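Asks: Pasting model.cif below, which is mmCIF, C-alpha atoms.
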```cif
data_structure
#
loop_
_atom_site.label_atom_id
_atom_site.label_comp_id
_atom_site.auth_asym_id
_atom_site.auth_seq_id
_atom_site.Cartn_x
_atom_site.Cartn_y
_atom_site.Cartn_z
CA MET I 237 184.28 182.18 -81.44
CA VAL I 238 186.94 180.62 -83.60
CA LYS I 239 187.46 181.30 -87.26
CA ASP I 240 185.20 178.57 -88.65
CA GLY I 241 182.26 179.69 -86.54
CA ARG I 242 182.39 176.87 -83.99
CA THR I 243 181.78 177.85 -80.39
CA PRO I 244 182.21 176.08 -77.05
CA GLU I 245 178.58 174.94 -77.47
CA THR I 246 179.80 172.42 -80.04
CA ALA I 247 182.46 170.88 -77.80
CA ALA I 248 182.31 167.21 -76.83
CA ASP I 249 178.69 166.30 -76.40
CA PRO I 250 177.36 163.30 -74.50
CA GLY I 251 174.40 162.92 -76.87
CA PRO I 252 173.97 160.07 -79.32
CA GLY I 253 176.05 159.81 -82.45
CA PRO I 254 174.77 158.59 -85.80
CA GLY I 255 172.45 155.63 -85.46
CA GLY I 256 172.15 156.14 -81.69
CA GLY I 257 169.05 155.49 -79.64
CA ARG I 258 166.45 157.85 -78.27
CA ALA I 259 167.83 160.67 -76.12
CA SER I 260 166.26 162.96 -73.57
CA VAL I 261 165.66 166.48 -74.84
CA PRO I 262 168.11 168.97 -73.22
CA GLY I 263 165.73 171.90 -73.73
CA PRO I 264 163.39 173.58 -76.21
CA GLY I 265 164.97 174.21 -79.57
CA THR I 266 168.05 172.08 -78.97
CA LEU I 267 169.34 170.25 -82.02
CA ARG I 268 171.79 167.37 -81.95
CA LEU I 269 173.44 166.00 -85.07
CA ARG I 270 176.34 163.57 -85.13
CA GLY I 271 177.16 164.12 -81.46
CA ARG I 272 177.23 167.93 -81.77
CA THR I 273 174.77 170.30 -80.14
CA PHE I 274 173.42 173.37 -81.90
CA ALA I 275 171.68 175.60 -79.38
CA GLY I 276 171.10 179.26 -78.70
CA ARG I 277 172.81 181.40 -81.33
CA ARG I 278 174.90 178.54 -82.71
CA TYR I 279 174.04 178.71 -86.39
CA ALA I 280 174.61 175.67 -88.58
CA VAL I 281 175.54 176.20 -92.23
CA MET I 282 174.25 173.53 -94.60
CA GLY I 283 176.05 173.40 -97.93
CA VAL I 284 174.17 172.20 -101.01
CA ILE I 285 175.52 169.49 -103.30
CA ASN I 286 173.21 168.83 -106.26
CA ARG I 287 173.88 165.43 -107.87
CA THR I 288 171.60 166.46 -110.72
CA PRO I 289 172.29 167.54 -114.32
CA ASP I 290 169.56 170.19 -114.27
CA SER I 291 169.80 172.13 -110.99
CA PHE I 292 168.27 175.60 -111.24
CA TYR I 293 171.41 177.14 -109.72
CA ASP I 294 174.54 175.27 -110.79
CA ARG I 295 173.20 173.61 -113.97
CA GLY I 296 174.91 170.31 -113.23
CA ALA I 297 178.24 171.56 -111.92
CA THR I 298 178.31 168.87 -109.19
CA TYR I 299 176.54 166.10 -111.08
CA ALA I 300 179.76 164.12 -111.62
CA LEU I 301 180.98 162.28 -108.54
CA GLU I 302 184.47 163.80 -108.49
CA ALA I 303 183.09 167.31 -108.96
CA ALA I 304 180.65 166.73 -106.10
CA LEU I 305 183.41 165.49 -103.81
CA ALA I 306 185.62 168.46 -104.69
CA SER I 307 182.75 170.81 -103.88
CA ALA I 308 182.25 169.04 -100.55
CA ASP I 309 185.97 169.39 -99.74
CA HIS I 310 185.72 173.11 -100.45
CA ALA I 311 182.64 173.45 -98.25
CA VAL I 312 184.33 171.68 -95.34
CA ALA I 313 187.33 173.99 -95.65
CA ALA I 314 184.96 176.97 -95.60
CA GLY I 315 183.39 175.91 -92.30
CA VAL I 316 180.30 173.95 -93.32
CA ASP I 317 178.44 172.03 -90.61
CA VAL I 318 176.08 169.97 -92.77
CA ILE I 319 176.32 168.83 -96.38
CA ASP I 320 172.95 168.28 -98.03
CA VAL I 321 172.95 166.06 -101.10
CA GLY I 322 170.04 165.83 -103.49
CA GLY I 323 169.53 163.59 -106.48
CA VAL I 324 166.37 165.09 -107.98
CA LYS I 325 165.70 168.65 -109.08
CA ALA I 326 162.99 170.21 -106.91
CA GLY I 327 160.91 171.65 -109.74
CA TYR I 328 159.71 170.46 -113.11
CA GLY I 329 162.13 168.41 -115.15
CA ALA I 330 162.90 164.97 -116.50
CA HIS I 331 161.43 162.08 -114.52
CA VAL I 332 163.89 160.50 -112.08
CA ASP I 333 162.86 157.13 -110.66
CA GLU I 334 163.89 155.85 -107.25
CA ALA I 335 166.70 153.66 -108.57
CA GLU I 336 168.29 156.56 -110.42
CA GLU I 337 167.94 158.88 -107.43
CA ALA I 338 169.69 156.29 -105.26
CA ARG I 339 172.43 155.86 -107.88
CA ARG I 340 173.12 159.59 -107.71
CA THR I 341 173.13 159.89 -103.93
CA VAL I 342 174.12 156.69 -102.14
CA PRO I 343 177.68 156.28 -103.50
CA PHE I 344 178.34 159.96 -102.82
CA VAL I 345 177.12 159.67 -99.22
CA ARG I 346 179.26 156.58 -98.68
CA GLU I 347 182.40 158.23 -100.08
CA LEU I 348 181.73 161.51 -98.27
CA ARG I 349 181.37 159.68 -94.95
CA ALA I 350 184.76 158.02 -95.45
CA ARG I 351 186.36 161.27 -96.60
CA HIS I 352 184.94 163.56 -93.89
CA PRO I 353 183.96 161.45 -90.89
CA ASP I 354 182.97 164.43 -88.73
CA VAL I 355 180.74 166.35 -91.12
CA VAL I 356 176.97 165.98 -90.78
CA ILE I 357 175.51 164.45 -93.95
CA SER I 358 171.94 165.17 -95.00
CA VAL I 359 170.01 163.69 -97.91
CA ASP I 360 167.32 165.74 -99.64
CA THR I 361 164.64 163.21 -100.61
CA TRP I 362 160.94 162.53 -100.20
CA ARG I 363 161.32 158.78 -100.84
CA SER I 364 161.67 156.39 -97.91
CA GLY I 365 163.63 153.90 -100.02
CA VAL I 366 166.28 156.48 -100.87
CA GLY I 367 166.32 157.74 -97.29
CA ARG I 368 166.93 154.22 -96.01
CA ALA I 369 169.74 153.51 -98.49
CA CYS I 370 171.46 156.80 -97.66
CA ALA I 371 171.11 156.22 -93.90
CA GLU I 372 172.75 152.83 -94.34
CA ALA I 373 175.55 154.56 -96.29
CA GLY I 374 176.19 157.00 -93.45
CA ALA I 375 173.69 159.90 -93.67
CA ASP I 376 172.85 161.59 -90.37
CA MET I 377 169.77 163.49 -91.47
CA ILE I 378 166.85 163.28 -93.90
CA ASN I 379 165.71 166.55 -95.44
CA ASP I 380 162.11 165.91 -96.49
CA THR I 381 161.22 169.02 -98.51
CA TRP I 382 157.83 167.63 -99.62
CA ALA I 383 155.98 167.58 -96.32
CA GLY I 384 155.68 163.86 -95.67
CA ALA I 385 154.55 162.86 -99.16
CA ASP I 386 155.94 159.42 -98.25
CA PRO I 387 154.79 158.83 -94.64
CA ASP I 388 157.32 156.01 -94.21
CA LEU I 389 160.21 158.49 -94.41
CA ALA I 390 159.71 159.45 -90.75
CA ARG I 391 159.81 155.77 -89.80
CA VAL I 392 163.15 155.43 -91.59
CA ALA I 393 164.51 158.36 -89.57
CA ALA I 394 163.26 156.68 -86.41
CA GLU I 395 164.78 153.31 -87.33
CA TYR I 396 168.22 154.73 -88.11
CA GLY I 397 168.31 157.49 -85.47
CA THR I 398 168.76 160.23 -88.04
CA GLY I 399 167.52 163.79 -87.89
CA LEU I 400 164.45 164.75 -89.89
CA VAL I 401 163.35 168.01 -91.50
CA CYS I 402 159.58 168.59 -91.48
CA SER I 403 158.51 170.97 -94.22
CA HIS I 404 155.49 172.76 -95.70
CA SER I 405 154.55 172.48 -99.37
CA GLY I 406 151.01 173.81 -99.30
CA GLY I 407 149.60 170.42 -100.21
CA LEU I 408 151.53 170.15 -103.47
CA ALA I 409 152.82 166.82 -104.71
CA PRO I 410 156.60 166.49 -105.18
CA ARG I 411 158.10 168.46 -108.05
CA THR I 412 155.09 170.65 -108.73
CA ASP I 413 155.08 174.45 -108.69
CA PRO I 414 152.48 176.71 -107.06
CA HIS I 415 149.84 178.36 -109.24
CA ARG I 416 147.70 181.16 -107.83
CA VAL I 417 148.08 179.69 -104.36
CA ARG I 418 146.19 181.46 -101.54
CA TYR I 419 146.28 181.34 -97.75
CA ALA I 420 144.16 183.15 -95.20
CA ASP I 421 147.39 183.43 -93.18
CA VAL I 422 150.42 181.72 -94.69
CA VAL I 423 152.43 181.79 -91.44
CA ALA I 424 149.62 180.21 -89.43
CA ASP I 425 149.24 177.53 -92.11
CA VAL I 426 152.95 176.79 -92.05
CA VAL I 427 153.16 176.70 -88.25
CA SER I 428 150.27 174.27 -87.92
CA GLY I 429 151.49 172.07 -90.78
CA VAL I 430 155.12 171.67 -89.76
CA CYS I 431 154.33 171.26 -86.07
CA ALA I 432 151.86 168.49 -86.87
CA LEU I 433 154.53 166.71 -88.92
CA ALA I 434 157.13 167.21 -86.16
CA GLU I 435 154.79 165.78 -83.53
CA ARG I 436 153.97 162.83 -85.76
CA ALA I 437 157.68 162.20 -86.31
CA VAL I 438 158.31 162.01 -82.57
CA SER I 439 155.27 159.77 -82.14
CA VAL I 440 156.75 157.19 -84.54
CA GLY I 441 160.13 157.28 -82.78
CA VAL I 442 162.22 160.06 -84.34
CA ARG I 443 164.57 161.63 -81.80
CA PRO I 444 162.97 164.89 -80.53
CA ASP I 445 166.36 166.60 -80.62
CA GLY I 446 166.83 165.55 -84.25
CA VAL I 447 163.64 167.17 -85.57
CA MET I 448 163.72 170.48 -87.46
CA ILE I 449 160.96 172.48 -89.12
CA ASP I 450 161.30 174.28 -92.46
CA PRO I 451 158.81 176.87 -93.75
CA THR I 452 160.06 175.85 -97.20
CA HIS I 453 160.14 179.21 -98.98
CA ASP I 454 158.74 179.15 -102.54
CA PHE I 455 157.35 175.60 -102.21
CA GLY I 456 153.60 176.04 -102.54
CA LYS I 457 154.09 179.77 -102.07
CA ASN I 458 154.52 182.95 -104.09
CA THR I 459 156.98 185.76 -103.45
CA TYR I 460 154.64 187.60 -101.08
CA HIS I 461 154.22 184.44 -98.98
CA SER I 462 157.96 183.84 -98.79
CA LEU I 463 158.63 187.44 -97.73
CA GLU I 464 155.87 187.23 -95.11
CA LEU I 465 157.39 184.04 -93.74
CA THR I 466 160.77 185.74 -93.45
CA ARG I 467 159.29 188.77 -91.67
CA ARG I 468 157.43 186.57 -89.20
CA LEU I 469 159.90 183.73 -88.87
CA GLY I 470 160.01 184.35 -85.13
CA GLU I 471 156.57 182.74 -84.92
CA LEU I 472 158.09 179.47 -86.12
CA SER I 473 161.05 179.82 -83.76
CA ALA I 474 158.60 180.34 -80.89
CA THR I 475 157.27 176.81 -81.38
CA GLY I 476 160.44 175.44 -79.79
CA TRP I 477 161.39 173.33 -82.80
CA PRO I 478 164.72 174.28 -84.42
CA VAL I 479 164.05 176.14 -87.68
CA LEU I 480 165.83 175.44 -90.96
CA VAL I 481 165.64 178.00 -93.76
CA ALA I 482 166.46 177.31 -97.40
CA VAL I 483 166.37 180.70 -99.13
CA SER I 484 169.62 180.63 -101.09
CA ASN I 485 169.20 182.25 -104.54
CA LYS I 486 165.49 181.39 -104.61
CA ASP I 487 162.93 182.96 -106.89
CA PHE I 488 161.40 185.18 -104.22
CA VAL I 489 164.80 186.82 -103.72
CA GLY I 490 165.19 187.27 -107.46
CA GLU I 491 161.69 188.64 -107.98
CA THR I 492 162.06 191.06 -105.07
CA LEU I 493 165.33 192.44 -106.44
CA ARG I 494 164.64 191.83 -110.14
CA ALA I 495 167.79 189.75 -110.15
CA GLY I 496 168.78 186.70 -112.17
CA VAL I 497 169.87 183.45 -110.57
CA THR I 498 173.55 184.46 -110.51
CA GLU I 499 172.78 187.93 -109.11
CA ARG I 500 170.99 186.94 -105.90
CA GLY I 501 173.95 186.55 -103.55
CA ASP I 502 173.55 189.85 -101.69
CA GLY I 503 169.80 189.36 -101.33
CA THR I 504 170.41 185.85 -100.02
CA LEU I 505 172.82 187.07 -97.35
CA ALA I 506 170.41 189.80 -96.24
CA THR I 507 167.62 187.21 -95.94
CA LEU I 508 169.90 184.88 -93.99
CA ALA I 509 170.72 187.67 -91.54
CA VAL I 510 167.05 188.51 -90.97
CA SER I 511 166.24 184.82 -90.54
CA ALA I 512 169.02 184.36 -88.02
CA ARG I 513 167.85 187.38 -86.04
CA GLU I 514 164.36 185.85 -86.03
CA GLY I 515 165.70 182.63 -84.51
CA ALA I 516 166.48 180.25 -87.38
CA ARG I 517 169.11 177.63 -86.53
CA VAL I 518 170.12 175.89 -89.79
CA PHE I 519 170.76 177.64 -93.11
CA ARG I 520 170.85 175.78 -96.43
CA VAL I 521 173.10 177.69 -98.86
CA HIS I 522 175.12 177.50 -102.05
CA ASP I 523 177.95 179.83 -100.93
CA VAL I 524 179.20 178.39 -97.64
CA ALA I 525 182.02 180.87 -97.01
CA ALA I 526 179.81 183.95 -97.47
CA ALA I 527 177.03 182.48 -95.33
CA ARG I 528 179.47 181.46 -92.59
CA ALA I 529 180.86 185.00 -92.39
CA ALA I 530 177.40 186.63 -92.42
CA LEU I 531 176.03 184.36 -89.73
CA ASP I 532 179.10 184.71 -87.54
CA ALA I 533 178.60 188.47 -87.74
CA VAL I 534 174.96 188.13 -86.70
CA ALA I 535 175.95 185.88 -83.81
CA ALA I 536 178.47 188.46 -82.60
CA VAL I 537 175.89 191.28 -82.76
CA VAL I 538 173.05 189.48 -81.01
#
```
Taking this structure as input, can you express it in the form of C-alpha coordinates?
Replies:
Amino acid sequence: MVKDGRTPETAADPGPGPGGGRASVPGPGTLRLRGRTFAGRRYAVMGVINRTPDSFYDRGATYALEAALASADHAVAAGVDVIDVGGVKAGYGAHVDEAEEARRTVPFVRELRARHPDVVISVDTWRSGVGRACAEAGADMINDTWAGADPDLARVAAEYGTGLVCSHSGGLAPRTDPHRVRYADVVADVVSGVCALAERAVSVGVRPDGVMIDPTHDFGKNTYHSLELTRRLGELSATGWPVLVAVSNKDFVGETLRAGVTERGDGTLATLAVSAREGARVFRVHDVAAARAALDAVAAVV
(Lines of atoms letter the chains of each structure in order from A and count residues from 1; the text may use other names and numbers.)
(Lines give C-alpha, C1' and ligand atoms only; values in the text may rest on other atoms or scores of the structure.)
Protein backbone atom coordinates (compact mmCIF):
# COMPACT_ATOMS: atom_id res chain seq x y z
CA MET A 1 0.00 0.00 0.00
CA VAL A 2 1.33 3.40 -0.91
CA LYS A 3 1.21 6.45 1.29
CA ASP A 4 -2.16 7.82 0.12
CA GLY A 5 -3.91 4.52 0.74
CA ARG A 6 -4.24 3.46 -2.89
CA THR A 7 -3.60 -0.20 -3.62
CA PRO A 8 -3.09 -2.23 -6.80
CA GLU A 9 -6.88 -2.78 -6.76
CA THR A 10 -7.29 0.81 -7.97
CA ALA A 11 -4.94 0.46 -10.93
CA ALA A 12 -6.19 0.95 -14.49
CA ASP A 13 -9.69 -0.42 -14.65
CA PRO A 14 -11.55 -1.40 -17.81
CA GLY A 15 -14.90 -0.34 -16.35
CA PRO A 16 -16.90 2.66 -17.52
CA GLY A 17 -15.84 6.19 -16.73
CA PRO A 18 -18.21 9.02 -15.90
CA GLY A 19 -21.31 8.98 -18.06
CA GLY A 20 -20.52 5.48 -19.34
CA GLY A 21 -23.09 2.83 -20.17
CA ARG A 22 -24.24 -0.18 -18.22
CA ALA A 23 -21.48 -2.56 -17.14
CA SER A 24 -21.47 -6.17 -16.04
CA VAL A 25 -21.00 -6.62 -12.31
CA PRO A 26 -17.51 -8.03 -11.51
CA GLY A 27 -18.71 -9.56 -8.23
CA PRO A 28 -20.78 -8.95 -5.10
CA GLY A 29 -19.89 -5.75 -3.33
CA THR A 30 -17.76 -4.32 -6.12
CA LEU A 31 -17.97 -0.56 -6.53
CA ARG A 32 -16.80 1.36 -9.57
CA LEU A 33 -16.53 5.13 -9.63
CA ARG A 34 -14.82 7.16 -12.33
CA GLY A 35 -13.03 4.14 -13.78
CA ARG A 36 -11.64 3.01 -10.40
CA THR A 37 -12.62 -0.17 -8.60
CA PHE A 38 -13.12 -0.32 -4.84
CA ALA A 39 -13.30 -3.94 -3.75
CA GLY A 40 -12.32 -6.12 -0.81
CA ARG A 41 -10.60 -4.04 1.86
CA ARG A 42 -10.08 -1.03 -0.39
CA TYR A 43 -11.64 1.72 1.69
CA ALA A 44 -12.74 4.94 0.01
CA VAL A 45 -12.55 8.19 1.97
CA MET A 46 -15.25 10.72 1.10
CA GLY A 47 -14.44 14.27 2.16
CA VAL A 48 -17.28 16.64 3.02
CA ILE A 49 -17.59 20.10 1.49
CA ASN A 50 -20.59 22.02 2.84
CA ARG A 51 -21.60 24.90 0.56
CA THR A 52 -23.94 26.10 3.30
CA PRO A 53 -23.75 29.01 5.76
CA ASP A 54 -25.23 26.97 8.61
CA SER A 55 -23.54 23.55 8.66
CA PHE A 56 -23.72 21.89 12.07
CA TYR A 57 -19.97 21.18 11.96
CA ASP A 58 -18.08 23.95 10.17
CA ARG A 59 -20.63 26.78 10.56
CA GLY A 60 -20.13 28.02 7.02
CA ALA A 61 -16.36 27.67 6.71
CA THR A 62 -16.65 26.38 3.12
CA TYR A 63 -19.70 28.37 2.04
CA ALA A 64 -17.65 30.76 -0.10
CA LEU A 65 -16.50 29.27 -3.41
CA GLU A 66 -12.79 29.96 -2.92
CA ALA A 67 -12.86 28.53 0.60
CA ALA A 68 -14.61 25.41 -0.70
CA LEU A 69 -12.05 24.95 -3.46
CA ALA A 70 -9.17 25.40 -1.00
CA SER A 71 -10.72 22.77 1.26
CA ALA A 72 -11.04 20.42 -1.71
CA ASP A 73 -7.38 20.98 -2.63
CA HIS A 74 -6.40 20.10 0.93
CA ALA A 75 -8.55 16.96 0.87
CA VAL A 76 -7.00 15.77 -2.39
CA ALA A 77 -3.52 16.28 -0.95
CA ALA A 78 -4.56 14.24 2.10
CA GLY A 79 -5.60 11.25 -0.01
CA VAL A 80 -9.33 11.71 -0.50
CA ASP A 81 -11.09 9.44 -3.00
CA VAL A 82 -14.48 11.17 -3.20
CA ILE A 83 -15.51 14.77 -2.53
CA ASP A 84 -19.13 15.13 -1.45
CA VAL A 85 -20.65 18.56 -1.90
CA GLY A 86 -23.90 19.61 -0.31
CA GLY A 87 -25.88 22.80 -0.69
CA VAL A 88 -28.52 22.35 2.01
CA LYS A 89 -28.08 21.71 5.72
CA ALA A 90 -29.45 18.28 6.62
CA GLY A 91 -31.45 19.37 9.66
CA TYR A 92 -33.75 22.25 10.51
CA GLY A 93 -32.78 25.64 9.18
CA ALA A 94 -33.66 28.36 6.71
CA HIS A 95 -35.58 27.22 3.64
CA VAL A 96 -33.39 26.64 0.59
CA ASP A 97 -35.21 26.31 -2.72
CA GLU A 98 -33.97 24.27 -5.65
CA ALA A 99 -32.54 27.25 -7.53
CA GLU A 100 -30.47 28.33 -4.54
CA GLU A 101 -29.25 24.79 -3.90
CA ALA A 102 -28.12 24.56 -7.52
CA ARG A 103 -26.41 27.95 -7.27
CA ARG A 104 -24.38 26.68 -4.33
CA THR A 105 -23.40 23.35 -5.85
CA VAL A 106 -23.26 23.39 -9.65
CA PRO A 107 -20.51 26.02 -10.17
CA PHE A 108 -18.42 24.31 -7.50
CA VAL A 109 -18.79 20.90 -9.17
CA ARG A 110 -17.86 22.39 -12.54
CA GLU A 111 -14.76 24.11 -11.17
CA LEU A 112 -13.75 21.10 -9.08
CA ARG A 113 -13.97 18.83 -12.13
CA ALA A 114 -11.64 21.13 -14.07
CA ARG A 115 -9.28 21.49 -11.12
CA HIS A 116 -9.09 17.80 -10.13
CA PRO A 117 -10.05 15.67 -13.13
CA ASP A 118 -9.35 12.35 -11.39
CA VAL A 119 -11.22 12.85 -8.12
CA VAL A 120 -14.67 11.30 -7.74
CA ILE A 121 -17.28 14.03 -7.22
CA SER A 122 -20.48 13.34 -5.31
CA VAL A 123 -23.43 15.65 -4.76
CA ASP A 124 -25.51 15.37 -1.59
CA THR A 125 -29.07 16.15 -2.69
CA TRP A 126 -32.56 14.68 -2.63
CA ARG A 127 -33.74 16.78 -5.61
CA SER A 128 -33.62 15.31 -9.11
CA GLY A 129 -33.25 18.76 -10.67
CA VAL A 130 -30.11 19.49 -8.67
CA GLY A 131 -28.79 15.99 -9.30
CA ARG A 132 -29.24 16.45 -13.04
CA ALA A 133 -27.53 19.86 -13.11
CA CYS A 134 -24.58 18.55 -11.08
CA ALA A 135 -24.25 15.45 -13.26
CA GLU A 136 -24.11 17.69 -16.32
CA ALA A 137 -21.40 19.74 -14.55
CA GLY A 138 -19.28 16.64 -13.96
CA ALA A 139 -20.52 14.83 -10.83
CA ASP A 140 -19.90 11.08 -10.76
CA MET A 141 -22.23 10.16 -7.93
CA ILE A 142 -25.50 11.23 -6.30
CA ASN A 143 -25.69 10.89 -2.53
CA ASP A 144 -29.41 10.70 -1.77
CA THR A 145 -29.55 10.92 2.04
CA TRP A 146 -33.37 11.14 2.15
CA ALA A 147 -34.29 7.67 0.96
CA GLY A 148 -35.77 8.39 -2.45
CA ALA A 149 -37.96 11.32 -1.41
CA ASP A 150 -37.76 12.34 -5.08
CA PRO A 151 -38.18 9.07 -7.03
CA ASP A 152 -36.83 10.69 -10.20
CA LEU A 153 -33.37 11.01 -8.64
CA ALA A 154 -32.62 7.34 -9.44
CA ARG A 155 -33.65 7.96 -13.05
CA VAL A 156 -31.18 10.84 -13.25
CA ALA A 157 -28.41 8.52 -12.01
CA ALA A 158 -29.43 6.00 -14.66
CA GLU A 159 -29.50 8.61 -17.43
CA TYR A 160 -26.06 10.01 -16.63
CA GLY A 161 -24.36 6.76 -15.55
CA THR A 162 -23.55 8.09 -12.09
CA GLY A 163 -23.32 6.17 -8.85
CA LEU A 164 -26.21 6.39 -6.40
CA VAL A 165 -26.38 6.13 -2.61
CA CYS A 166 -29.56 4.50 -1.28
CA SER A 167 -30.28 5.55 2.28
CA HIS A 168 -32.69 5.02 5.18
CA SER A 169 -34.49 7.89 6.90
CA GLY A 170 -37.18 6.03 8.79
CA GLY A 171 -39.90 7.55 6.65
CA LEU A 172 -39.01 11.14 7.52
CA ALA A 173 -39.36 13.92 4.98
CA PRO A 174 -36.17 15.84 4.07
CA ARG A 175 -34.76 18.10 6.77
CA THR A 176 -36.83 16.74 9.64
CA ASP A 177 -35.44 15.29 12.85
CA PRO A 178 -36.58 12.10 14.60
CA HIS A 179 -38.86 12.35 17.63
CA ARG A 180 -39.44 9.31 19.83
CA VAL A 181 -38.84 7.05 16.86
CA ARG A 182 -39.24 3.30 17.45
CA TYR A 183 -38.33 0.14 15.54
CA ALA A 184 -39.00 -3.48 16.35
CA ASP A 185 -35.51 -4.11 14.91
CA VAL A 186 -33.75 -1.07 13.48
CA VAL A 187 -31.17 -3.11 11.55
CA ALA A 188 -33.82 -5.27 9.90
CA ASP A 189 -35.76 -2.13 8.96
CA VAL A 190 -32.67 -0.53 7.47
CA VAL A 191 -31.64 -3.66 5.55
CA SER A 192 -35.06 -4.09 3.97
CA GLY A 193 -35.41 -0.39 3.17
CA VAL A 194 -32.05 0.23 1.53
CA CYS A 195 -32.07 -3.04 -0.38
CA ALA A 196 -35.49 -2.24 -1.81
CA LEU A 197 -34.21 1.15 -2.96
CA ALA A 198 -31.05 -0.42 -4.42
CA GLU A 199 -33.07 -2.98 -6.35
CA ARG A 200 -35.40 -0.28 -7.63
CA ALA A 201 -32.41 1.79 -8.74
CA VAL A 202 -31.05 -1.09 -10.81
CA SER A 203 -34.52 -1.73 -12.24
CA VAL A 204 -34.68 1.81 -13.64
CA GLY A 205 -31.20 1.54 -15.15
CA VAL A 206 -28.65 2.59 -12.52
CA ARG A 207 -25.37 0.71 -12.91
CA PRO A 208 -25.33 -2.18 -10.37
CA ASP A 209 -21.66 -1.49 -9.63
CA GLY A 210 -22.47 2.16 -8.91
CA VAL A 211 -25.05 1.50 -6.19
CA MET A 212 -24.21 1.91 -2.50
CA ILE A 213 -26.35 1.55 0.61
CA ASP A 214 -26.15 3.83 3.65
CA PRO A 215 -27.75 3.05 7.02
CA THR A 216 -27.79 6.83 7.50
CA HIS A 217 -26.90 7.11 11.18
CA ASP A 218 -29.00 9.65 13.13
CA PHE A 219 -31.48 10.17 10.27
CA GLY A 220 -34.78 8.91 11.64
CA LYS A 221 -32.86 7.29 14.49
CA ASN A 222 -31.78 7.98 18.05
CA THR A 223 -28.38 7.29 19.60
CA TYR A 224 -29.27 3.73 20.57
CA HIS A 225 -30.33 2.97 16.98
CA SER A 226 -27.12 4.41 15.53
CA LEU A 227 -24.96 2.41 17.95
CA GLU A 228 -26.92 -0.76 17.15
CA LEU A 229 -26.40 -0.17 13.44
CA THR A 230 -22.66 0.19 13.99
CA ARG A 231 -22.48 -3.00 16.07
CA ARG A 232 -24.40 -4.96 13.44
CA LEU A 233 -23.13 -3.27 10.31
CA GLY A 234 -21.95 -6.64 9.06
CA GLU A 235 -25.58 -7.49 8.35
CA LEU A 236 -25.68 -4.69 5.79
CA SER A 237 -22.34 -5.73 4.31
CA ALA A 238 -23.70 -9.27 3.95
CA THR A 239 -26.31 -8.03 1.47
CA GLY A 240 -23.58 -7.69 -1.16
CA TRP A 241 -24.19 -3.99 -1.75
CA PRO A 242 -21.21 -1.73 -0.92
CA VAL A 243 -21.89 0.09 2.35
CA LEU A 244 -21.30 3.81 2.91
CA VAL A 245 -21.18 5.15 6.45
CA ALA A 246 -21.53 8.81 7.40
CA VAL A 247 -20.77 8.99 11.13
CA SER A 248 -18.32 11.88 11.26
CA ASN A 249 -18.90 14.05 14.37
CA LYS A 250 -22.57 13.06 14.50
CA ASP A 251 -24.83 13.47 17.49
CA PHE A 252 -24.78 9.80 18.47
CA VAL A 253 -21.00 10.02 18.86
CA GLY A 254 -21.35 13.18 20.93
CA GLU A 255 -24.13 11.81 23.13
CA THR A 256 -22.24 8.56 23.73
CA LEU A 257 -19.10 10.42 24.82
CA ARG A 258 -20.80 13.54 26.20
CA ALA A 259 -18.72 15.49 23.73
CA GLY A 260 -19.41 18.72 21.87
CA VAL A 261 -19.25 18.98 18.09
CA THR A 262 -15.54 19.91 18.09
CA GLU A 263 -14.64 17.13 20.56
CA ARG A 264 -15.89 14.11 18.61
CA GLY A 265 -12.81 13.36 16.50
CA ASP A 266 -11.54 10.39 18.52
CA GLY A 267 -15.01 8.88 18.77
CA THR A 268 -15.45 9.31 15.03
CA LEU A 269 -12.21 7.47 14.27
CA ALA A 270 -13.14 4.61 16.61
CA THR A 271 -16.53 4.29 14.89
CA LEU A 272 -14.88 4.35 11.47
CA ALA A 273 -12.55 1.52 12.50
CA VAL A 274 -15.42 -0.63 13.77
CA SER A 275 -17.40 0.09 10.61
CA ALA A 276 -14.48 -0.86 8.40
CA ARG A 277 -13.98 -4.10 10.31
CA GLU A 278 -17.68 -4.83 9.77
CA GLY A 279 -17.30 -4.43 6.02
CA ALA A 280 -18.13 -0.80 5.17
CA ARG A 281 -16.52 0.43 1.95
CA VAL A 282 -16.99 4.22 1.77
CA PHE A 283 -16.54 6.63 4.69
CA ARG A 284 -17.91 10.18 4.65
CA VAL A 285 -15.74 12.36 6.92
CA HIS A 286 -14.73 15.89 7.81
CA ASP A 287 -11.06 15.12 8.63
CA VAL A 288 -9.70 13.32 5.57
CA ALA A 289 -6.11 12.89 6.75
CA ALA A 290 -7.08 11.32 10.09
CA ALA A 291 -9.63 9.02 8.45
CA ARG A 292 -7.17 7.97 5.74
CA ALA A 293 -4.58 6.99 8.35
CA ALA A 294 -7.10 5.13 10.53
CA LEU A 295 -8.56 3.19 7.63
CA ASP A 296 -5.15 2.33 6.21
CA ALA A 297 -4.27 0.90 9.61
CA VAL A 298 -7.44 -1.19 9.66
CA ALA A 299 -6.71 -2.45 6.15
CA ALA A 300 -3.21 -3.51 7.21
CA VAL A 301 -4.54 -5.38 10.27
CA VAL A 302 -7.35 -7.25 8.54
Asks: Find the distance between CA of Arg443 in chain I and CA of Gly397 in chain I and write it in Å to one decimal.
Replies: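 Taking CA of Arg443 in chain I and CA of Gly397 in chain I, their separation equals 6.7 Å.
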Asks: Around (183.7, 166.9, -95.7), as given in the file, which residues come within 9 Å? Count only C-alpha atoms and list them as a ChimeraX atom specification.
Replies: /I:305,308-313,316-319,348-357
Asks: Find, counting all atoms listed in the file, the residue in I:Gly446, I:Val392, I:Val422, I:Tyr299 that gets nearest to Thr273 in chain I.
Replies: I:Gly446
Asks: Report as a Markdown table the residues of range 274-312 of chain I within 12 Å of range 359-366 of chain I, each with its shortest atom pair and distance in Å (one decimal), using all atoms listed in the file, ordered by chain and increasing residue number.
Replies:
```
| residue | atom | partner | partner_atom | distance |
| --- | --- | --- | --- | --- |
| I:Met282 | CA | I:Val359 | CA | 11.2 |
| I:Gly283 | CA | I:Val359 | CA | 11.4 |
| I:Val284 | CA | I:Asp360 | CA | 9.5 |
| I:Ile285 | CA | I:Val359 | CA | 9.6 |
| I:Asn286 | CA | I:Asp360 | CA | 9.4 |
| I:Arg287 | CA | I:Asp360 | CA | 10.5 |
| I:Thr288 | CA | I:Asp360 | CA | 11.9 |
```
Asks: Measuring between only C-alpha atoms, which one of I:Arg277, I:Leu463, I:Gly501, I:Asn458 shows the shortest distance to Ala533 in chain I?
Replies: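 Using only C-alpha atoms, the shortest distance to Ala533 in chain I belongs to I:Arg277.
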